Each structure stands twice: as structure tokens, then as C-alpha cells.
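Engineer: Submitted below is the structure of interest, expressed as C-alpha cells.
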Amino acid sequence: MNDKDIIQLYLNRDQRALSATAKKYGKYCTSIAKNILGNNEDAEECVNDTYLSTWNSIPPTIPTILSAFLGKITRNLAFNKYKHNHVMKRGNGEIAVVLDELAECVSGVDDVEQEIDRRELVATINSFLETLLPKKRNIFICRYWYSDSVSSIARRYEMTESNVSVTLNRLRSKLKEYLSERGYVL
């Protein structure tokens, strides 16, 4: 079933939308959730919450790219679940490593201006990503959006793990320089 048909099922409040979504995007959403959360049970719960959230969101929202819409919901729910599960401890998911890697690029200061700064930072990072060659941009996104492991990125792009690690290190350095040039305190 194509995305337009699935979205139409949601708009018609037809429960077949949920099974069609699970059939087409279940593995995709599970992969995102598992990379962040590090275990199957939490990932499965997160994916089920994704379906519920999607059901509650369509309508009024009508996504133009269903996969991106589902991916964003799954990612946000997984981060929330991760924060809930790890208030005082670190977990087994890739997210702990990913956040450590990016910590040197972004300040962790939590203040009143944080939301405004966050939006500006997102726009700046998107601008940075546009300067990269497609393969490097995809490697960066796989690691820092989808929280893919270095080994899975290496397999996907037919690179060695060492080469992926070096590429990510260089991209983080470039990002740090890019942000610094634009006035971000690191």
C-alpha cells in the first residue's frame, strides 16, 4: 500500500491504517527506537506509542513524507523514553555514545533562552549539512539522527569501521568550527 493510501485510511479513521503502517514501516521505526533505547521491549513499546501518536496526529496533520513523519515521532518518543529510563544512569543504547560524541560541539547550558537557541542551532546545523558531500552528509545523519552504530554505517557504505570513525571525527571537527564561526560558544 502506498503512503497516500495509508494517510487516507488515517483521515477516514480506518483502523487498517495501523496495520498498514506496521507492515510498511514497522522495521524502520523499530530500528530507530532500538538504536536509541538499546533493548527490544522498550523499542516495541515505543513503536506502539508511535502508532497511537500517529493515529492522534492524522488528522489534523497531513504529512507530506510519511516515513519522515513516523521517524520523527519514533525518535522523539524514544528520546523521551530514554530520558525516563536513565534519569541517573547511562544505558546500553547507542544514544549515550552519540551524545558523548556531540557534546564537544554543543554547549549543555540549560537556561531560559534554550528553546530559541535550539531552533537557531537546528537551522545552523542544517546549513552545515548542506555544505557536505551527499555520502558524508548521509554518514553524519545515520550516526547523529538515527543513532546507527559505526559498524552498521561501515557495512552500509562499504567502509571500514576505522574509516567511518575518522570521517565522523572530521565531520564533528568541521561542525565545531562551523558553529564557532557563527558565534556558538563551545
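Here's how to read the names in the C-alpha cells: chain A, B, ... by the order shown, residue numbers from 1 in each chain, ligand numbers from 1 in the order shown.
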What's the 10 Å shell around segment 58-61 of chain A, counting only C-alpha atoms, without same-chain residues fewer than 6 positions away, as a list of chain:residue names?

Structural biologist: A:Ile7, A:Gln8, A:Leu9, A:Tyr10, A:Leu11, A:Asn12, A:Arg13, A:Phe69

Engineer: Excluding Ala68 of chain A and any residue of its chain fewer than 2 positions from it, enumerate the residues within 12 Å of it, using only C-alpha atoms, and give them as a VMD selection string.

Structural biologist: chain A and resid 3 25 28 to 29 32 54 63 to 66 70 to 75 145 to 146

Engineer: Please list as a list of chain:residue names every residue within 9 Å of Lys135 of chain A, counting only C-alpha atoms and excluding residues in the same chain fewer than 4 positions away.

Structural biologist: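 So the residues in contact are A:Ile139, A:Phe140, A:Tyr157.
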
Engineer: Rank nothing, just name the residue among A:Ile125, A:Met1, A:Ala33, A:Cys46 nearest to Ala20 of chain A, using only C-alpha atoms.

Structural biologist: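 Nearest candidate to Ala20 of chain A out of A:Ile125, A:Met1, A:Ala33, A:Cys46: A:Met1.
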
Engineer: Find the residue from A:Leu52, A:Leu175, A:Tyr82, A:Arg143 that sits nearest to Glu130 of chain A; use only C-alpha atoms when measuring.

Structural biologist: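 The shortest atom-to-atom distance to Glu130 of chain A comes from A:Leu175.
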